[in-house]
Amino acid sequence: MSRVAIALEPEAPYWLGGAVEVTPHVTEALATGGAVSPFLALDYAPARKRDKQRRSYGVDTHPVRGFEVVTLCLEGEARDAGGPIKEGDVRWLSGGKGALVEGLGSPARAFVDPALYRLRINVPRDLKMSPPRLQRFEARDAPVVALGDCMARVYAGDVCGVLGPVEPEVDGTQLYVVDGNGEIDLPLDSEATALVLIVRGTCTVDGVAFGANRAFYAPPGEACMTVELAASTKLVVALSVPTTDPVVVGGPFVMTSA
């Protein structure tokens, strides 16, 4: 039996750093209510072409505490103080007891704003005061595995026996990108919440079609989800085990209320 997909209604886009339009897919009510636990936010900014060059946009360096922040470049190129983040590269920050997230921007004179996937993952109470850690990997560091006629690039966790390079704060956390078409069974951890974003194409689950820049989640349950992918469809799949700790969100800080 396949796991049930529950649609996430996107919120109104907002401008990140004054220049890139980001669509949030997880509301604060969902994040604090536990339905999509342990995920706190899922934002996606599709690549956008522009007619003329402009100064690079940017997001100021800001503090993070008590959760993990994942930034995955899916098209184009972004840049921070550590250098370029090109297509397929990932930046994974475990905020722990407190860290500064380096400002993120596009290269000067670029004609295309990059496609950026941003995910925030809560961690259990006993890990919130862990030392912060930043991990950066290029696309070539992430191995691939076949899923039917599709290919999955694995960034974190064990997917069909293939281990990604990222070491998440919580064991069992997974992140992989599926590209291709046809009917496949997405491998899922039965104890984890699944969060799926369609980057391009169409993903159909139990007769319900999800187009580009749409997302859905699946509570813990079966160890797979059968999906039908139209030609040239790309998905980002994240999985992590829910936390039962009550959540308090205050800007860049996520702690517990008990």
# chains A, B, ... in the order shown; residues from 1 in each chain; ligands from 1
call {"tool": "closest_atom_pairs", "arguments": {"of": "region 135-196 of chain A", "to": "region 73-89 of chain A", "cutoff": "12 Å", "atoms": "only C-alpha atoms", "output": "JSON lines"}}
result
{"residue": "A:Gln135", "atom": "CA", "partner": "A:Asp89", "partner_atom": "CA", "distance": 10.9}
{"residue": "A:Arg136", "atom": "CA", "partner": "A:Asp89", "partner_atom": "CA", "distance": 7.6}
{"residue": "A:Phe137", "atom": "CA", "partner": "A:Asp89", "partner_atom": "CA", "distance": 5.8}
{"residue": "A:Glu138", "atom": "CA", "partner": "A:Asp89", "partner_atom": "CA", "distance": 4.2}
{"residue": "A:Ala139", "atom": "CA", "partner": "A:Gly88", "partner_atom": "CA", "distance": 4.4}
{"residue": "A:Arg140", "atom": "CA", "partner": "A:Gly88", "partner_atom": "CA", "distance": 8.1}
{"residue": "A:Asp141", "atom": "CA", "partner": "A:Asp89", "partner_atom": "CA", "distance": 8.6}
{"residue": "A:Ala142", "atom": "CA", "partner": "A:Gly88", "partner_atom": "CA", "distance": 8.6}
{"residue": "A:Pro143", "atom": "CA", "partner": "A:Gly88", "partner_atom": "CA", "distance": 11.3}
{"residue": "A:Val144", "atom": "CA", "partner": "A:Gly88", "partner_atom": "CA", "distance": 11.9}
{"residue": "A:Ala152", "atom": "CA", "partner": "A:Gly88", "partner_atom": "CA", "distance": 11.9}
{"residue": "A:Arg153", "atom": "CA", "partner": "A:Gly88", "partner_atom": "CA", "distance": 8.9}
{"residue": "A:Val154", "atom": "CA", "partner": "A:Gly88", "partner_atom": "CA", "distance": 10.5}
{"residue": "A:Tyr155", "atom": "CA", "partner": "A:Asp89", "partner_atom": "CA", "distance": 9.3}
{"residue": "A:Pro165", "atom": "CA", "partner": "A:Asp89", "partner_atom": "CA", "distance": 11.5}
{"residue": "A:Val166", "atom": "CA", "partner": "A:Asp89", "partner_atom": "CA", "distance": 11.4}
{"residue": "A:Tyr176", "atom": "CA", "partner": "A:Gly88", "partner_atom": "CA", "distance": 10.7}
{"residue": "A:Val177", "atom": "CA", "partner": "A:Gly88", "partner_atom": "CA", "distance": 9.3}
{"residue": "A:Val178", "atom": "CA", "partner": "A:Leu74", "partner_atom": "CA", "distance": 11.7}
{"residue": "A:Asp179", "atom": "CA", "partner": "A:Leu74", "partner_atom": "CA", "distance": 11.5}
call {"tool": "write_last_selection", "arguments": {"atoms": "N, CA, C and O atoms", "output": "compact mmCIF listing (two decimals), in the first residue's frame"}}
result
# COMPACT_ATOMS: atom_id res chain seq x y z
N GLN A 135 28.09 22.21 6.64
CA GLN A 135 28.57 21.25 5.66
C GLN A 135 28.24 21.76 4.26
O GLN A 135 27.13 22.20 4.00
N ARG A 136 29.22 21.70 3.37
CA ARG A 136 29.04 22.13 1.98
C ARG A 136 29.50 21.01 1.06
O ARG A 136 30.59 20.46 1.25
N PHE A 137 28.67 20.70 0.08
CA PHE A 137 29.05 19.66 -0.88
C PHE A 137 28.63 20.09 -2.28
O PHE A 137 27.60 20.73 -2.47
N GLU A 138 29.44 19.70 -3.25
CA GLU A 138 29.12 19.96 -4.65
C GLU A 138 28.28 18.80 -5.20
O GLU A 138 28.22 17.72 -4.60
N ALA A 139 27.68 19.04 -6.36
CA ALA A 139 26.84 18.01 -6.98
C ALA A 139 27.61 16.71 -7.18
O ALA A 139 27.06 15.62 -6.97
N ARG A 140 28.88 16.82 -7.55
CA ARG A 140 29.67 15.62 -7.82
C ARG A 140 29.92 14.78 -6.57
O ARG A 140 30.31 13.61 -6.67
N ASP A 141 29.72 15.38 -5.38
CA ASP A 141 29.91 14.64 -4.13
C ASP A 141 28.71 13.76 -3.79
O ASP A 141 28.81 12.87 -2.94
N ALA A 142 27.56 14.05 -4.42
CA ALA A 142 26.33 13.33 -4.10
C ALA A 142 26.13 12.18 -5.09
O ALA A 142 25.96 12.42 -6.29
N PRO A 143 26.15 10.95 -4.64
CA PRO A 143 26.02 9.80 -5.54
C PRO A 143 24.60 9.68 -6.10
O PRO A 143 23.65 10.28 -5.57
N VAL A 144 24.46 8.93 -7.18
CA VAL A 144 23.16 8.74 -7.80
C VAL A 144 22.79 7.25 -7.75
O VAL A 144 23.65 6.37 -7.70
N ALA A 152 18.07 9.23 -8.97
CA ALA A 152 17.98 9.97 -7.72
C ALA A 152 19.38 10.35 -7.27
O ALA A 152 20.26 9.49 -7.17
N ARG A 153 19.58 11.64 -7.01
CA ARG A 153 20.85 12.12 -6.47
C ARG A 153 20.68 12.26 -4.96
O ARG A 153 19.80 12.98 -4.49
N VAL A 154 21.53 11.56 -4.20
CA VAL A 154 21.36 11.44 -2.76
C VAL A 154 22.30 12.40 -2.03
O VAL A 154 23.52 12.33 -2.18
N TYR A 155 21.70 13.28 -1.23
CA TYR A 155 22.49 14.25 -0.47
C TYR A 155 22.64 13.86 1.00
O TYR A 155 23.67 14.13 1.61
N PRO A 165 26.46 12.39 1.20
CA PRO A 165 27.63 12.90 1.90
C PRO A 165 27.32 13.71 3.17
O PRO A 165 28.16 13.82 4.05
N VAL A 166 26.12 14.28 3.26
CA VAL A 166 25.77 15.11 4.41
C VAL A 166 25.52 14.23 5.63
O VAL A 166 24.92 13.15 5.53
N TYR A 176 16.93 13.75 -1.15
CA TYR A 176 17.35 13.31 -2.47
C TYR A 176 16.49 13.97 -3.54
O TYR A 176 15.38 14.42 -3.28
N VAL A 177 17.06 14.05 -4.75
CA VAL A 177 16.41 14.69 -5.89
C VAL A 177 16.18 13.63 -6.96
O VAL A 177 17.12 12.94 -7.36
N VAL A 178 14.93 13.52 -7.41
CA VAL A 178 14.56 12.54 -8.44
C VAL A 178 14.32 13.27 -9.76
O VAL A 178 13.64 14.30 -9.80
N ASP A 179 14.88 12.74 -10.84
CA ASP A 179 14.75 13.35 -12.17
C ASP A 179 14.43 12.25 -13.18
O ASP A 179 15.17 11.26 -13.26
call {"tool": "residues_around", "arguments": {"residues": "Arg200 (chain A)", "least_positions_apart": "4", "cutoff": "6 Å", "atoms": "only C-alpha atoms", "output": "VMD selection string"}}
result
chain A and resid 212 233 to 234
call {"tool": "residues_around", "arguments": {"residues": "Pro132 (chain A)", "least_positions_apart": "6", "cutoff": "12 Å", "atoms": "only C-alpha atoms", "output": "PyMOL selection string"}}
result
chain A and resi 63-69+92-101+168-169
call {"tool": "residues_around", "arguments": {"residues": "Ala12 (chain A)", "least_positions_apart": "4", "cutoff": "12 Å", "atoms": "only C-alpha atoms", "output": "PyMOL selection string"}}
result
chain A and resi 21-27+43-44
call {"tool": "residues_around", "arguments": {"residues": "Gly172 (chain A)", "least_positions_apart": "6", "cutoff": "12 Å", "atoms": "only C-alpha atoms", "output": "list in words"}}
result
Ala156, Gly157, Asp158, Val159, Leu163, Gly164, Val166, Leu188, Asp189, Ser190, Glu191, Ala192, Thr193, Ala194, Ala238, Leu239, Ser240, Val241 and Pro242 of chain A
call {"tool": "write_last_selection", "arguments": {"atoms": "N, CA, C and O atoms", "output": "mmCIF file, in the first residue's frame"}}
result
data_model
loop_
_atom_site.group_PDB
_atom_site.id
_atom_site.type_symbol
_atom_site.label_atom_id
_atom_site.label_comp_id
_atom_site.auth_asym_id
_atom_site.auth_seq_id
_atom_site.Cartn_x
_atom_site.Cartn_y
_atom_site.Cartn_z
ATOM 1 N N ALA A 156 21.602 13.258 1.566
ATOM 2 C CA ALA A 156 21.646 12.883 2.988
ATOM 3 C C ALA A 156 20.873 11.598 3.192
ATOM 4 O O ALA A 156 19.834 11.369 2.569
ATOM 5 N N GLY A 157 21.393 10.761 4.084
ATOM 6 C CA GLY A 157 20.720 9.522 4.415
ATOM 7 C C GLY A 157 21.030 8.395 3.451
ATOM 8 O O GLY A 157 21.795 8.548 2.496
ATOM 9 N N ASP A 158 20.414 7.265 3.705
ATOM 10 C CA ASP A 158 20.600 6.051 2.920
ATOM 11 C C ASP A 158 19.378 5.847 2.042
ATOM 12 O O ASP A 158 18.266 5.631 2.540
ATOM 13 N N VAL A 159 19.564 5.915 0.727
ATOM 14 C CA VAL A 159 18.480 5.717 -0.231
ATOM 15 C C VAL A 159 18.832 4.503 -1.093
ATOM 16 O O VAL A 159 19.790 4.548 -1.870
ATOM 17 N N LEU A 163 24.507 6.051 0.175
ATOM 18 C CA LEU A 163 24.604 6.994 1.284
ATOM 19 C C LEU A 163 25.052 8.363 0.790
ATOM 20 O O LEU A 163 26.043 8.493 0.078
ATOM 21 N N GLY A 164 24.297 9.398 1.169
ATOM 22 C CA GLY A 164 24.657 10.761 0.807
ATOM 23 C C GLY A 164 25.795 11.297 1.652
ATOM 24 O O GLY A 164 26.092 10.766 2.725
ATOM 25 N N VAL A 166 26.117 14.280 3.255
ATOM 26 C CA VAL A 166 25.769 15.109 4.413
ATOM 27 C C VAL A 166 25.523 14.229 5.630
ATOM 28 O O VAL A 166 24.923 13.153 5.530
ATOM 29 N N LEU A 188 10.774 5.475 1.213
ATOM 30 C CA LEU A 188 10.513 6.311 2.373
ATOM 31 C C LEU A 188 10.805 5.546 3.655
ATOM 32 O O LEU A 188 10.570 4.343 3.732
ATOM 33 N N ASP A 189 11.290 6.249 4.654
ATOM 34 C CA ASP A 189 11.446 5.689 5.995
ATOM 35 C C ASP A 189 10.054 5.656 6.629
ATOM 36 O O ASP A 189 9.379 6.694 6.712
ATOM 37 N N SER A 190 9.610 4.498 7.078
ATOM 38 C CA SER A 190 8.253 4.362 7.599
ATOM 39 C C SER A 190 8.005 5.204 8.852
ATOM 40 O O SER A 190 6.856 5.509 9.181
ATOM 41 N N GLU A 191 9.080 5.603 9.561
ATOM 42 C CA GLU A 191 8.921 6.388 10.784
ATOM 43 C C GLU A 191 9.063 7.889 10.536
ATOM 44 O O GLU A 191 8.938 8.685 11.473
ATOM 45 N N ALA A 192 9.300 8.277 9.284
ATOM 46 C CA ALA A 192 9.599 9.674 8.978
ATOM 47 C C ALA A 192 8.461 10.359 8.227
ATOM 48 O O ALA A 192 7.737 9.733 7.459
ATOM 49 N N THR A 193 8.337 11.659 8.445
ATOM 50 C CA THR A 193 7.470 12.499 7.630
ATOM 51 C C THR A 193 8.171 12.759 6.303
ATOM 52 O O THR A 193 9.372 13.036 6.282
ATOM 53 N N ALA A 194 7.433 12.650 5.210
ATOM 54 C CA ALA A 194 7.985 12.937 3.884
ATOM 55 C C ALA A 194 7.464 14.283 3.397
ATOM 56 O O ALA A 194 6.276 14.591 3.559
ATOM 57 N N ALA A 238 12.371 15.139 0.950
ATOM 58 C CA ALA A 238 13.007 15.241 2.266
ATOM 59 C C ALA A 238 12.250 14.363 3.251
ATOM 60 O O ALA A 238 11.011 14.303 3.209
ATOM 61 N N LEU A 239 12.975 13.686 4.121
ATOM 62 C CA LEU A 239 12.357 12.844 5.149
ATOM 63 C C LEU A 239 13.078 13.054 6.472
ATOM 64 O O LEU A 239 14.305 13.181 6.500
ATOM 65 N N SER A 240 12.295 13.089 7.551
ATOM 66 C CA SER A 240 12.902 13.171 8.872
ATOM 67 C C SER A 240 11.879 12.718 9.913
ATOM 68 O O SER A 240 10.666 12.845 9.705
ATOM 69 N N VAL A 241 12.377 12.184 11.016
ATOM 70 C CA VAL A 241 11.511 11.638 12.061
ATOM 71 C C VAL A 241 10.904 12.785 12.871
ATOM 72 O O VAL A 241 11.606 13.705 13.291
ATOM 73 N N PRO A 242 9.588 12.761 13.093
ATOM 74 C CA PRO A 242 8.933 13.841 13.847
ATOM 75 C C PRO A 242 9.467 13.937 15.273
ATOM 76 O O PRO A 242 9.919 12.953 15.861
#
call {"tool": "atom_distance", "arguments": {"atom1": "CA of Val123 (chain A)", "atom2": "CA of Val170 (chain A)"}}
result
6.9 Å
call {"tool": "atom_distance", "arguments": {"atom1": "CA of Ile121 (chain A)", "atom2": "CA of Ser37 (chain A)"}}
result
8.3 Å
call {"tool": "closest_residue", "arguments": {"among": "A:Arg91, A:Lys49, A:Arg133, A:Arg214", "to": "Arg118 (chain A)", "atoms": "only C-alpha atoms"}}
result
A:Arg91
call {"tool": "select_by_dssp", "arguments": {"residues": "region 141-244 of chain A", "states": "strand (DSSP E)", "output": "ChimeraX atom specification"}}
result
/A:144-147,150-156,158-159,162-163,174-187,193-200,203-205,208-210,214-218,224-240
call {"tool": "closest_residue", "arguments": {"among": "A:Thr204, A:Thr244, A:Thr173, A:Thr226", "to": "Leu186 (chain A)", "atoms": "only C-alpha atoms"}}
result
A:Thr226
